[in-house]
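Everything below belongs to model.pdb, which stores PDB, N, CA, C and O atoms.
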MODEL        1
ATOM      1  N   MET A   1      59.451  94.683  67.256
ATOM      2  CA  MET A   1      58.521  93.646  67.653
ATOM      3  C   MET A   1      59.287  92.342  67.881
ATOM      4  O   MET A   1      60.403  92.180  67.418
ATOM      5  N   ALA A   2      58.658  91.431  68.575
ATOM      6  CA  ALA A   2      59.287  90.153  68.886
ATOM      7  C   ALA A   2      58.589  89.029  68.126
ATOM      8  O   ALA A   2      57.400  89.085  67.845
ATOM      9  N   VAL A   3      59.353  87.994  67.817
ATOM     10  CA  VAL A   3      58.852  86.866  67.040
ATOM     11  C   VAL A   3      58.600  85.682  67.969
ATOM     12  O   VAL A   3      59.478  85.277  68.734
ATOM     13  N   CYS A   4      57.390  85.113  67.875
ATOM     14  CA  CYS A   4      57.019  83.949  68.675
ATOM     15  C   CYS A   4      57.852  82.754  68.245
ATOM     16  O   CYS A   4      57.971  82.453  67.051
ATOM     17  N   GLU A   5      58.424  82.043  69.209
ATOM     18  CA  GLU A   5      59.281  80.905  68.877
ATOM     19  C   GLU A   5      58.504  79.652  68.470
ATOM     20  O   GLU A   5      59.101  78.695  68.003
ATOM     21  N   VAL A   6      57.184  79.662  68.616
ATOM     22  CA  VAL A   6      56.377  78.518  68.187
ATOM     23  C   VAL A   6      55.812  78.749  66.782
ATOM     24  O   VAL A   6      55.998  77.935  65.892
ATOM     25  N   CYS A   7      55.125  79.865  66.576
ATOM     26  CA  CYS A   7      54.443  80.097  65.297
ATOM     27  C   CYS A   7      55.143  81.116  64.400
ATOM     28  O   CYS A   7      54.705  81.352  63.282
ATOM     29  N   ASN A   8      56.202  81.731  64.915
ATOM     30  CA  ASN A   8      56.983  82.731  64.172
ATOM     31  C   ASN A   8      56.218  84.004  63.839
ATOM     32  O   ASN A   8      56.614  84.751  62.937
ATOM     33  N   ASN A   9      55.135  84.268  64.551
ATOM     34  CA  ASN A   9      54.395  85.502  64.357
ATOM     35  C   ASN A   9      55.202  86.670  64.913
ATOM     36  O   ASN A   9      55.692  86.624  66.040
ATOM     37  N   ASP A  10      55.364  87.704  64.122
ATOM     38  CA  ASP A  10      56.043  88.927  64.543
ATOM     39  C   ASP A  10      54.968  89.838  65.137
ATOM     40  O   ASP A  10      54.157  90.416  64.404
ATOM     41  N   TYR A  11      54.944  89.947  66.466
ATOM     42  CA  TYR A  11      53.803  90.531  67.169
ATOM     43  C   TYR A  11      54.267  91.599  68.149
ATOM     44  O   TYR A  11      55.169  91.365  68.953
ATOM     45  N   ASP A  12      53.611  92.747  68.123
ATOM     46  CA  ASP A  12      54.018  93.848  68.996
ATOM     47  C   ASP A  12      53.650  93.632  70.453
ATOM     48  O   ASP A  12      54.163  94.318  71.334
ATOM     49  N   MET A  13      52.797  92.665  70.760
ATOM     50  CA  MET A  13      52.412  92.393  72.145
ATOM     51  C   MET A  13      52.939  91.040  72.625
ATOM     52  O   MET A  13      52.398  90.445  73.558
ATOM     53  N   ALA A  14      53.998  90.559  72.001
ATOM     54  CA  ALA A  14      54.620  89.307  72.439
ATOM     55  C   ALA A  14      55.137  89.472  73.870
ATOM     56  O   ALA A  14      55.370  90.590  74.341
ATOM     57  N   PHE A  15      55.328  88.359  74.560
ATOM     58  CA  PHE A  15      55.805  88.400  75.937
ATOM     59  C   PHE A  15      56.886  87.360  76.144
ATOM     60  O   PHE A  15      57.023  86.420  75.367
ATOM     61  N   GLU A  16      57.648  87.545  77.197
ATOM     62  CA  GLU A  16      58.731  86.627  77.533
ATOM     63  C   GLU A  16      58.353  85.752  78.718
ATOM     64  O   GLU A  16      57.685  86.207  79.637
ATOM     65  N   VAL A  17      58.812  84.517  78.680
ATOM     66  CA  VAL A  17      58.697  83.606  79.807
ATOM     67  C   VAL A  17      60.105  83.157  80.140
ATOM     68  O   VAL A  17      60.834  82.690  79.267
ATOM     69  N   ARG A  18      60.487  83.315  81.392
ATOM     70  CA  ARG A  18      61.805  82.880  81.841
ATOM     71  C   ARG A  18      61.633  81.612  82.669
ATOM     72  O   ARG A  18      60.881  81.590  83.634
ATOM     73  N   ALA A  19      62.350  80.558  82.249
ATOM     74  CA  ALA A  19      62.241  79.278  82.946
ATOM     75  C   ALA A  19      63.561  78.529  82.839
ATOM     76  O   ALA A  19      64.127  78.420  81.748
ATOM     77  N   GLN A  20      64.043  78.057  83.958
ATOM     78  CA  GLN A  20      65.257  77.247  84.031
ATOM     79  C   GLN A  20      66.435  77.905  83.307
ATOM     80  O   GLN A  20      67.177  77.266  82.574
ATOM     81  N   GLY A  21      66.566  79.213  83.509
ATOM     82  CA  GLY A  21      67.690  79.953  82.958
ATOM     83  C   GLY A  21      67.566  80.342  81.498
ATOM     84  O   GLY A  21      68.483  80.940  80.935
ATOM     85  N   ALA A  22      66.455  80.025  80.854
ATOM     86  CA  ALA A  22      66.255  80.375  79.446
ATOM     87  C   ALA A  22      65.130  81.392  79.312
ATOM     88  O   ALA A  22      64.229  81.453  80.147
ATOM     89  N   VAL A  23      65.184  82.182  78.263
ATOM     90  CA  VAL A  23      64.144  83.164  77.964
ATOM     91  C   VAL A  23      63.427  82.715  76.695
ATOM     92  O   VAL A  23      64.062  82.440  75.672
ATOM     93  N   HIS A  24      62.096  82.623  76.778
ATOM     94  CA  HIS A  24      61.268  82.206  75.640
ATOM     95  C   HIS A  24      60.343  83.359  75.275
ATOM     96  O   HIS A  24      59.878  84.086  76.146
ATOM     97  N   VAL A  25      60.054  83.520  73.984
ATOM     98  CA  VAL A  25      59.173  84.584  73.499
ATOM     99  C   VAL A  25      57.966  83.949  72.824
ATOM    100  O   VAL A  25      58.112  83.067  71.964
ATOM    101  N   PHE A  26      56.764  84.425  73.214
ATOM    102  CA  PHE A  26      55.515  83.895  72.661
ATOM    103  C   PHE A  26      54.565  85.036  72.332
ATOM    104  O   PHE A  26      54.629  86.097  72.947
ATOM    105  N   ASP A  27      53.662  84.766  71.408
ATOM    106  CA  ASP A  27      52.644  85.766  71.074
ATOM    107  C   ASP A  27      51.299  85.451  71.714
ATOM    108  O   ASP A  27      50.386  86.258  71.665
ATOM    109  N   SER A  28      51.160  84.264  72.323
ATOM    110  CA  SER A  28      49.891  83.882  72.938
ATOM    111  C   SER A  28      50.128  82.831  74.013
ATOM    112  O   SER A  28      51.163  82.158  74.021
ATOM    113  N   LEU A  29      49.135  82.687  74.874
ATOM    114  CA  LEU A  29      49.224  81.640  75.896
ATOM    115  C   LEU A  29      49.174  80.256  75.263
ATOM    116  O   LEU A  29      49.790  79.311  75.759
ATOM    117  N   GLU A  30      48.464  80.123  74.152
ATOM    118  CA  GLU A  30      48.405  78.835  73.461
ATOM    119  C   GLU A  30      49.786  78.395  73.005
ATOM    120  O   GLU A  30      50.170  77.232  73.170
ATOM    121  N   CYS A  31      50.548  79.316  72.425
ATOM    122  CA  CYS A  31      51.904  78.970  71.981
ATOM    123  C   CYS A  31      52.809  78.673  73.173
ATOM    124  O   CYS A  31      53.621  77.750  73.129
ATOM    125  N   ALA A  32      52.655  79.435  74.248
ATOM    126  CA  ALA A  32      53.461  79.190  75.448
ATOM    127  C   ALA A  32      53.162  77.801  76.011
ATOM    128  O   ALA A  32      54.076  77.053  76.368
ATOM    129  N   ALA A  33      51.891  77.430  76.065
ATOM    130  CA  ALA A  33      51.518  76.107  76.569
ATOM    131  C   ALA A  33      52.055  75.013  75.662
ATOM    132  O   ALA A  33      52.543  73.979  76.139
ATOM    133  N   GLN A  34      51.981  75.217  74.369
ATOM    134  CA  GLN A  34      52.464  74.216  73.426
ATOM    135  C   GLN A  34      53.948  73.937  73.639
ATOM    136  O   GLN A  34      54.397  72.804  73.563
ATOM    137  N   LYS A  35      54.710  74.963  73.933
ATOM    138  CA  LYS A  35      56.156  74.821  74.099
ATOM    139  C   LYS A  35      56.555  74.411  75.514
ATOM    140  O   LYS A  35      57.474  73.617  75.699
ATOM    141  N   MET A  36      55.872  74.950  76.531
ATOM    142  CA  MET A  36      56.350  74.847  77.902
ATOM    143  C   MET A  36      55.656  73.781  78.751
ATOM    144  O   MET A  36      56.270  73.231  79.655
ATOM    145  N   ALA A  37      54.374  73.528  78.508
ATOM    146  CA  ALA A  37      53.617  72.630  79.382
ATOM    147  C   ALA A  37      54.039  71.178  79.172
ATOM    148  O   ALA A  37      54.217  70.740  78.034
ATOM    149  N   PRO A  38      54.185  70.430  80.263
ATOM    150  CA  PRO A  38      54.510  69.008  80.109
ATOM    151  C   PRO A  38      53.327  68.251  79.514
ATOM    152  O   PRO A  38      52.188  68.719  79.540
ATOM    153  N   THR A  39      53.589  67.071  78.998
ATOM    154  CA  THR A  39      52.584  66.226  78.378
ATOM    155  C   THR A  39      52.327  65.015  79.264
ATOM    156  O   THR A  39      53.257  64.406  79.787
ATOM    157  N   CYS A  40      51.059  64.657  79.423
ATOM    158  CA  CYS A  40      50.687  63.479  80.213
ATOM    159  C   CYS A  40      51.258  62.222  79.570
ATOM    160  O   CYS A  40      51.087  61.995  78.363
ATOM    161  N   THR A  41      51.929  61.418  80.368
ATOM    162  CA  THR A  41      52.520  60.169  79.888
ATOM    163  C   THR A  41      51.462  59.220  79.343
ATOM    164  O   THR A  41      51.708  58.490  78.388
ATOM    165  N   ASN A  42      50.275  59.256  79.918
ATOM    166  CA  ASN A  42      49.234  58.307  79.524
ATOM    167  C   ASN A  42      48.417  58.783  78.322
ATOM    168  O   ASN A  42      48.304  58.078  77.335
ATOM    169  N   CYS A  43      47.845  59.972  78.382
ATOM    170  CA  CYS A  43      46.913  60.413  77.330
ATOM    171  C   CYS A  43      47.501  61.472  76.392
ATOM    172  O   CYS A  43      46.856  61.867  75.435
ATOM    173  N   GLN A  44      48.699  61.935  76.680
ATOM    174  CA  GLN A  44      49.428  62.908  75.865
ATOM    175  C   GLN A  44      48.804  64.297  75.795
ATOM    176  O   GLN A  44      49.167  65.091  74.939
ATOM    177  N   CYS A  45      47.866  64.616  76.693
ATOM    178  CA  CYS A  45      47.334  65.975  76.704
ATOM    179  C   CYS A  45      48.339  66.899  77.393
ATOM    180  O   CYS A  45      49.192  66.453  78.162
ATOM    181  N   ARG A  46      48.264  68.183  77.107
ATOM    182  CA  ARG A  46      49.112  69.170  77.776
ATOM    183  C   ARG A  46      48.585  69.381  79.185
ATOM    184  O   ARG A  46      47.373  69.505  79.402
ATOM    185  N   ILE A  47      49.474  69.429  80.151
ATOM    186  CA  ILE A  47      49.092  69.620  81.548
ATOM    187  C   ILE A  47      49.199  71.101  81.855
ATOM    188  O   ILE A  47      50.290  71.646  81.987
ATOM    189  N   LEU A  48      48.048  71.761  81.952
ATOM    190  CA  LEU A  48      48.014  73.205  82.174
ATOM    191  C   LEU A  48      47.778  73.571  83.628
ATOM    192  O   LEU A  48      48.045  74.688  84.030
ATOM    193  N   GLY A  49      47.270  72.661  84.401
ATOM    194  CA  GLY A  49      47.013  72.922  85.811
ATOM    195  C   GLY A  49      47.996  72.163  86.681
ATOM    196  O   GLY A  49      49.119  71.866  86.268
ATOM    197  N   HIS A  50      47.548  71.823  87.873
ATOM    198  CA  HIS A  50      48.379  71.047  88.788
ATOM    199  C   HIS A  50      48.302  69.581  88.384
ATOM    200  O   HIS A  50      47.312  68.909  88.636
ATOM    201  N   GLY A  51      49.314  69.109  87.754
ATOM    202  CA  GLY A  51      49.370  67.707  87.380
ATOM    203  C   GLY A  51      49.984  66.881  88.496
ATOM    204  O   GLY A  51      50.214  67.364  89.602
ATOM    205  N   LEU A  52      50.244  65.651  88.193
ATOM    206  CA  LEU A  52      50.874  64.735  89.133
ATOM    207  C   LEU A  52      52.178  64.238  88.520
ATOM    208  O   LEU A  52      52.316  64.179  87.299
ATOM    209  N   GLN A  53      53.113  63.889  89.382
ATOM    210  CA  GLN A  53      54.396  63.407  88.904
ATOM    211  C   GLN A  53      54.827  62.202  89.724
ATOM    212  O   GLN A  53      54.683  62.191  90.946
ATOM    213  N   ALA A  54      55.350  61.185  89.034
ATOM    214  CA  ALA A  54      55.868  59.996  89.708
ATOM    215  C   ALA A  54      56.968  59.394  88.841
ATOM    216  O   ALA A  54      56.790  59.249  87.627
ATOM    217  N   ASP A  55      58.074  59.076  89.477
ATOM    218  CA  ASP A  55      59.169  58.393  88.794
ATOM    219  C   ASP A  55      59.589  59.111  87.506
ATOM    220  O   ASP A  55      59.838  58.483  86.487
ATOM    221  N   GLY A  56      59.603  60.455  87.554
ATOM    222  CA  GLY A  56      60.019  61.249  86.402
ATOM    223  C   GLY A  56      58.986  61.365  85.299
ATOM    224  O   GLY A  56      59.267  61.905  84.234
ATOM    225  N   GLN A  57      57.779  60.873  85.524
ATOM    226  CA  GLN A  57      56.708  60.944  84.535
ATOM    227  C   GLN A  57      55.645  61.925  85.003
ATOM    228  O   GLN A  57      55.395  62.061  86.200
ATOM    229  N   PHE A  58      54.998  62.592  84.060
ATOM    230  CA  PHE A  58      53.949  63.563  84.361
ATOM    231  C   PHE A  58      52.590  63.003  83.961
ATOM    232  O   PHE A  58      52.464  62.326  82.937
ATOM    233  N   PHE A  59      51.572  63.319  84.781
ATOM    234  CA  PHE A  59      50.213  62.868  84.516
ATOM    235  C   PHE A  59      49.248  64.025  84.727
ATOM    236  O   PHE A  59      49.431  64.845  85.629
ATOM    237  N   CYS A  60      48.189  64.072  83.926
ATOM    238  CA  CYS A  60      47.202  65.140  84.062
ATOM    239  C   CYS A  60      46.242  64.879  85.218
ATOM    240  O   CYS A  60      45.637  65.815  85.741
ATOM    241  N   CYS A  61      46.082  63.610  85.609
ATOM    242  CA  CYS A  61      45.145  63.258  86.678
ATOM    243  C   CYS A  61      45.529  61.904  87.276
ATOM    244  O   CYS A  61      46.338  61.171  86.712
ATOM    245  N   ALA A  62      44.914  61.567  88.401
ATOM    246  CA  ALA A  62      45.200  60.298  89.062
ATOM    247  C   ALA A  62      44.749  59.114  88.222
ATOM    248  O   ALA A  62      45.377  58.058  88.251
ATOM    249  N   HIS A  63      43.677  59.277  87.464
ATOM    250  CA  HIS A  63      43.213  58.190  86.589
ATOM    251  C   HIS A  63      44.329  57.782  85.619
ATOM    252  O   HIS A  63      44.623  56.602  85.464
ATOM    253  N   CYS A  64      44.948  58.775  84.972
ATOM    254  CA  CYS A  64      46.036  58.471  84.027
ATOM    255  C   CYS A  64      47.238  57.863  84.752
ATOM    256  O   CYS A  64      47.884  56.949  84.237
ATOM    257  N   ALA A  65      47.526  58.349  85.956
ATOM    258  CA  ALA A  65      48.639  57.789  86.733
ATOM    259  C   ALA A  65      48.370  56.319  87.071
ATOM    260  O   ALA A  65      49.257  55.478  86.947
ATOM    261  N   ARG A  66      47.141  56.005  87.483
ATOM    262  CA  ARG A  66      46.785  54.622  87.797
ATOM    263  C   ARG A  66      46.896  53.724  86.566
ATOM    264  O   ARG A  66      47.335  52.586  86.653
ATOM    265  N   ARG A  67      46.535  54.239  85.416
ATOM    266  CA  ARG A  67      46.632  53.452  84.178
ATOM    267  C   ARG A  67      48.073  53.089  83.845
ATOM    268  O   ARG A  67      48.326  52.131  83.140
ATOM    269  N   GLN A  68      49.011  53.867  84.396
ATOM    270  CA  GLN A  68      50.430  53.594  84.171
ATOM    271  C   GLN A  68      51.083  52.916  85.368
ATOM    272  O   GLN A  68      52.306  52.815  85.445
ATOM    273  N   GLY A  69      50.261  52.470  86.345
ATOM    274  CA  GLY A  69      50.762  51.695  87.465
ATOM    275  C   GLY A  69      51.096  52.457  88.727
ATOM    276  O   GLY A  69      51.724  51.914  89.632
ATOM    277  N   PHE A  70      50.663  53.708  88.835
ATOM    278  CA  PHE A  70      50.952  54.508  90.025
ATOM    279  C   PHE A  70      49.669  54.672  90.847
ATOM    280  O   PHE A  70      49.059  55.730  90.885
ATOM    281  N   ALA A  71      49.277  53.594  91.513
ATOM    282  CA  ALA A  71      48.011  53.566  92.270
ATOM    283  C   ALA A  71      48.029  54.503  93.470
ATOM    284  O   ALA A  71      46.968  54.897  93.951
ATOM    285  N   GLN A  72      49.202  54.873  93.965
ATOM    286  CA  GLN A  72      49.292  55.700  95.172
ATOM    287  C   GLN A  72      48.943  57.177  94.924
ATOM    288  O   GLN A  72      48.696  57.925  95.851
ATOM    289  N   LEU A  73      48.894  57.604  93.653
ATOM    290  CA  LEU A  73      48.614  59.000  93.364
ATOM    291  C   LEU A  73      47.114  59.256  93.370
ATOM    292  O   LEU A  73      46.326  58.467  92.829
ATOM    293  N   VAL A  74      46.712  60.382  93.980
ATOM    294  CA  VAL A  74      45.307  60.768  94.045
ATOM    295  C   VAL A  74      45.168  62.230  93.609
ATOM    296  O   VAL A  74      46.109  63.000  93.708
ATOM    297  N   ASP A  75      43.988  62.591  93.122
ATOM    298  CA  ASP A  75      43.733  63.963  92.685
ATOM    299  C   ASP A  75      43.500  64.923  93.851
ATOM    300  O   ASP A  75      43.778  66.086  93.752
ATOM    301  N   HIS A  76      42.963  64.433  94.941
ATOM    302  CA  HIS A  76      42.679  65.274  96.098
ATOM    303  C   HIS A  76      42.697  64.435  97.360
ATOM    304  O   HIS A  76      42.646  63.222  97.312
ATOM    305  N   ALA A  77      42.767  65.124  98.508
ATOM    306  CA  ALA A  77      42.814  64.424  99.782
ATOM    307  C   ALA A  77      41.443  64.420 100.425
ATOM    308  O   ALA A  77      40.620  65.240 100.175
TER     309      ALA A  77
ENDMDL
END
Translate the structure described by the file into C-alpha cells.
Amino acid sequence: MAVCEVCNNDYDMAFEVRAQGAVHVFDSLECAAQKMAPTCTNCQCRILGHGLQADGQFFCCAHCARRQGFAQLVDHA
C-alpha cells in the first residue's frame, strides 16, 4: 500500500500525481488539493478551478484580483 504525503494514511487505493518532474502520493482528492492547489493571494482559499494569475500571484476570482490592484483581470468575456 502507499502512504499519503499529507495525512500519512496507508491506503490501498492511494494514487499518484505527477507534476513538474515530481511524483506525489495521496489517498484523496482533498489531500491532493491541500498539497497541490495554489492559494488565492487575497482570500487564501485553495484555487480548485480556473483561477487568475497576474505578476506571479494567483487569485480565485476577478474580485480578489481587483482587491489587490489588478483591475484588468475579469472572470469572463
Selection under test: the PyMOL selection byres (((chain A and resi 47 and name CA) around 8) and name CA); residues as a ChimeraX atom specification
/A:37-40,45-46,48-51,59-60
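Among the residues of range 23-63 of chain A, backbone DSSP assigns strand (DSSP E or B) to A:Val23, A:His24, A:Val25, A:Phe26, A:Thr39, A:Arg46, A:Leu52, A:Gln53, A:Ala54, A:Gln57, A:Phe58, A:Phe59.
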Counting all atoms listed in the file, what is within 8 Å of Asn8 in chain A, bar same-chain residues fewer than 6 positions away, as a PDB file with N, CA, C and O atoms, in the coordinates of the input?
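Once everything was written out, this is result.pdb:
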ATOM      1  N   ALA A   2      58.658  91.431  68.575  1.00  0.00           N
ATOM      2  CA  ALA A   2      59.287  90.153  68.886  1.00  0.00           C
ATOM      3  C   ALA A   2      58.589  89.029  68.126  1.00  0.00           C
ATOM      4  O   ALA A   2      57.400  89.085  67.845  1.00  0.00           O
ATOM      5  N   VAL A  25      60.054  83.520  73.984  1.00  0.00           N
ATOM      6  CA  VAL A  25      59.173  84.584  73.499  1.00  0.00           C
ATOM      7  C   VAL A  25      57.966  83.949  72.824  1.00  0.00           C
ATOM      8  O   VAL A  25      58.112  83.067  71.964  1.00  0.00           O
ATOM      9  N   ASP A  27      53.662  84.766  71.408  1.00  0.00           N
ATOM     10  CA  ASP A  27      52.644  85.766  71.074  1.00  0.00           C
ATOM     11  C   ASP A  27      51.299  85.451  71.714  1.00  0.00           C
ATOM     12  O   ASP A  27      50.386  86.258  71.665  1.00  0.00           O
TER      13      ASP A  27
END
Can you list, as a PDB file with N, CA, C and O atoms, in the coordinates of the input, the residues that the PyMOL selection byres ((chain A and resi 26) around 5) selects here?
ATOM      1  N   CYS A   4      57.390  85.113  67.875  1.00  0.00           N
ATOM      2  CA  CYS A   4      57.019  83.949  68.675  1.00  0.00           C
ATOM      3  C   CYS A   4      57.852  82.754  68.245  1.00  0.00           C
ATOM      4  O   CYS A   4      57.971  82.453  67.051  1.00  0.00           O
ATOM      5  N   GLU A   5      58.424  82.043  69.209  1.00  0.00           N
ATOM      6  CA  GLU A   5      59.281  80.905  68.877  1.00  0.00           C
ATOM      7  C   GLU A   5      58.504  79.652  68.470  1.00  0.00           C
ATOM      8  O   GLU A   5      59.101  78.695  68.003  1.00  0.00           O
ATOM      9  N   MET A  13      52.797  92.665  70.760  1.00  0.00           N
ATOM     10  CA  MET A  13      52.412  92.393  72.145  1.00  0.00           C
ATOM     11  C   MET A  13      52.939  91.040  72.625  1.00  0.00           C
ATOM     12  O   MET A  13      52.398  90.445  73.558  1.00  0.00           O
ATOM     13  N   ALA A  14      53.998  90.559  72.001  1.00  0.00           N
ATOM     14  CA  ALA A  14      54.620  89.307  72.439  1.00  0.00           C
ATOM     15  C   ALA A  14      55.137  89.472  73.870  1.00  0.00           C
ATOM     16  O   ALA A  14      55.370  90.590  74.341  1.00  0.00           O
ATOM     17  N   PHE A  15      55.328  88.359  74.560  1.00  0.00           N
ATOM     18  CA  PHE A  15      55.805  88.400  75.937  1.00  0.00           C
ATOM     19  C   PHE A  15      56.886  87.360  76.144  1.00  0.00           C
ATOM     20  O   PHE A  15      57.023  86.420  75.367  1.00  0.00           O
ATOM     21  N   HIS A  24      62.096  82.623  76.778  1.00  0.00           N
ATOM     22  CA  HIS A  24      61.268  82.206  75.640  1.00  0.00           C
ATOM     23  C   HIS A  24      60.343  83.359  75.275  1.00  0.00           C
ATOM     24  O   HIS A  24      59.878  84.086  76.146  1.00  0.00           O
ATOM     25  N   VAL A  25      60.054  83.520  73.984  1.00  0.00           N
ATOM     26  CA  VAL A  25      59.173  84.584  73.499  1.00  0.00           C
ATOM     27  C   VAL A  25      57.966  83.949  72.824  1.00  0.00           C
ATOM     28  O   VAL A  25      58.112  83.067  71.964  1.00  0.00           O
ATOM     29  N   ASP A  27      53.662  84.766  71.408  1.00  0.00           N
ATOM     30  CA  ASP A  27      52.644  85.766  71.074  1.00  0.00           C
ATOM     31  C   ASP A  27      51.299  85.451  71.714  1.00  0.00           C
ATOM     32  O   ASP A  27      50.386  86.258  71.665  1.00  0.00           O
ATOM     33  N   SER A  28      51.160  84.264  72.323  1.00  0.00           N
ATOM     34  CA  SER A  28      49.891  83.882  72.938  1.00  0.00           C
ATOM     35  C   SER A  28      50.128  82.831  74.013  1.00  0.00           C
ATOM     36  O   SER A  28      51.163  82.158  74.021  1.00  0.00           O
TER      37      SER A  28
END
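Straight-line separation from atom O of Phe58 in chain A to atom O of Thr41 in chain A: 6.0 Å.
Take atom N of Arg18 in chain A and atom N of Ala54 in chain A: the distance between them is 24.0 Å.
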Going by DSSP on the backbone, which residues of range 4-76 of chain A come out as alpha helix (DSSP H)? List them as a PyMOL selection string.
chain A and resi 29-36+62-67
Give me a file of those residues, with N, CA, C and O atoms, as an mmCIF file, keeping the file's coordinate frame.
data_model
loop_
_atom_site.group_PDB
_atom_site.id
_atom_site.type_symbol
_atom_site.label_atom_id
_atom_site.label_comp_id
_atom_site.auth_asym_id
_atom_site.auth_seq_id
_atom_site.Cartn_x
_atom_site.Cartn_y
_atom_site.Cartn_z
ATOM 1 N N LEU A 29 49.135 82.687 74.874
ATOM 2 C CA LEU A 29 49.224 81.640 75.896
ATOM 3 C C LEU A 29 49.174 80.256 75.263
ATOM 4 O O LEU A 29 49.790 79.311 75.759
ATOM 5 N N GLU A 30 48.464 80.123 74.152
ATOM 6 C CA GLU A 30 48.405 78.835 73.461
ATOM 7 C C GLU A 30 49.786 78.395 73.005
ATOM 8 O O GLU A 30 50.170 77.232 73.170
ATOM 9 N N CYS A 31 50.548 79.316 72.425
ATOM 10 C CA CYS A 31 51.904 78.970 71.981
ATOM 11 C C CYS A 31 52.809 78.673 73.173
ATOM 12 O O CYS A 31 53.621 77.750 73.129
ATOM 13 N N ALA A 32 52.655 79.435 74.248
ATOM 14 C CA ALA A 32 53.461 79.190 75.448
ATOM 15 C C ALA A 32 53.162 77.801 76.011
ATOM 16 O O ALA A 32 54.076 77.053 76.368
ATOM 17 N N ALA A 33 51.891 77.430 76.065
ATOM 18 C CA ALA A 33 51.518 76.107 76.569
ATOM 19 C C ALA A 33 52.055 75.013 75.662
ATOM 20 O O ALA A 33 52.543 73.979 76.139
ATOM 21 N N GLN A 34 51.981 75.217 74.369
ATOM 22 C CA GLN A 34 52.464 74.216 73.426
ATOM 23 C C GLN A 34 53.948 73.937 73.639
ATOM 24 O O GLN A 34 54.397 72.804 73.563
ATOM 25 N N LYS A 35 54.710 74.963 73.933
ATOM 26 C CA LYS A 35 56.156 74.821 74.099
ATOM 27 C C LYS A 35 56.555 74.411 75.514
ATOM 28 O O LYS A 35 57.474 73.617 75.699
ATOM 29 N N MET A 36 55.872 74.950 76.531
ATOM 30 C CA MET A 36 56.350 74.847 77.902
ATOM 31 C C MET A 36 55.656 73.781 78.751
ATOM 32 O O MET A 36 56.270 73.231 79.655
ATOM 33 N N ALA A 62 44.914 61.567 88.401
ATOM 34 C CA ALA A 62 45.200 60.298 89.062
ATOM 35 C C ALA A 62 44.749 59.114 88.222
ATOM 36 O O ALA A 62 45.377 58.058 88.251
ATOM 37 N N HIS A 63 43.677 59.277 87.464
ATOM 38 C CA HIS A 63 43.213 58.190 86.589
ATOM 39 C C HIS A 63 44.329 57.782 85.619
ATOM 40 O O HIS A 63 44.623 56.602 85.464
ATOM 41 N N CYS A 64 44.948 58.775 84.972
ATOM 42 C CA CYS A 64 46.036 58.471 84.027
ATOM 43 C C CYS A 64 47.238 57.863 84.752
ATOM 44 O O CYS A 64 47.884 56.949 84.237
ATOM 45 N N ALA A 65 47.526 58.349 85.956
ATOM 46 C CA ALA A 65 48.639 57.789 86.733
ATOM 47 C C ALA A 65 48.370 56.319 87.071
ATOM 48 O O ALA A 65 49.257 55.478 86.947
ATOM 49 N N ARG A 66 47.141 56.005 87.483
ATOM 50 C CA ARG A 66 46.785 54.622 87.797
ATOM 51 C C ARG A 66 46.896 53.724 86.566
ATOM 52 O O ARG A 66 47.335 52.586 86.653
ATOM 53 N N ARG A 67 46.535 54.239 85.416
ATOM 54 C CA ARG A 67 46.632 53.452 84.178
ATOM 55 C C ARG A 67 48.073 53.089 83.845
ATOM 56 O O ARG A 67 48.326 52.131 83.140
#
Separating CA of Glu16 in chain A from atom O of Gln44 in chain A, to the nearest tenth of an Å, is a gap of 23.7 Å
How would you write as a list in words the residues that get within 12 Å of (48.6, 55.9, 85.7) in the file's frame, counting only C-alpha atoms?
Cys40, Thr41, Asn42, Cys43, Gly51, Leu52, Gln53, Ala54, Asp55, Gln57, Phe58, Phe59, Cys60, Cys61, Ala62, His63, Cys64, Ala65, Arg66, Arg67, Gln68, Gly69, Phe70, Ala71, Gln72, Leu73, Val74 and Asp75 of chain A
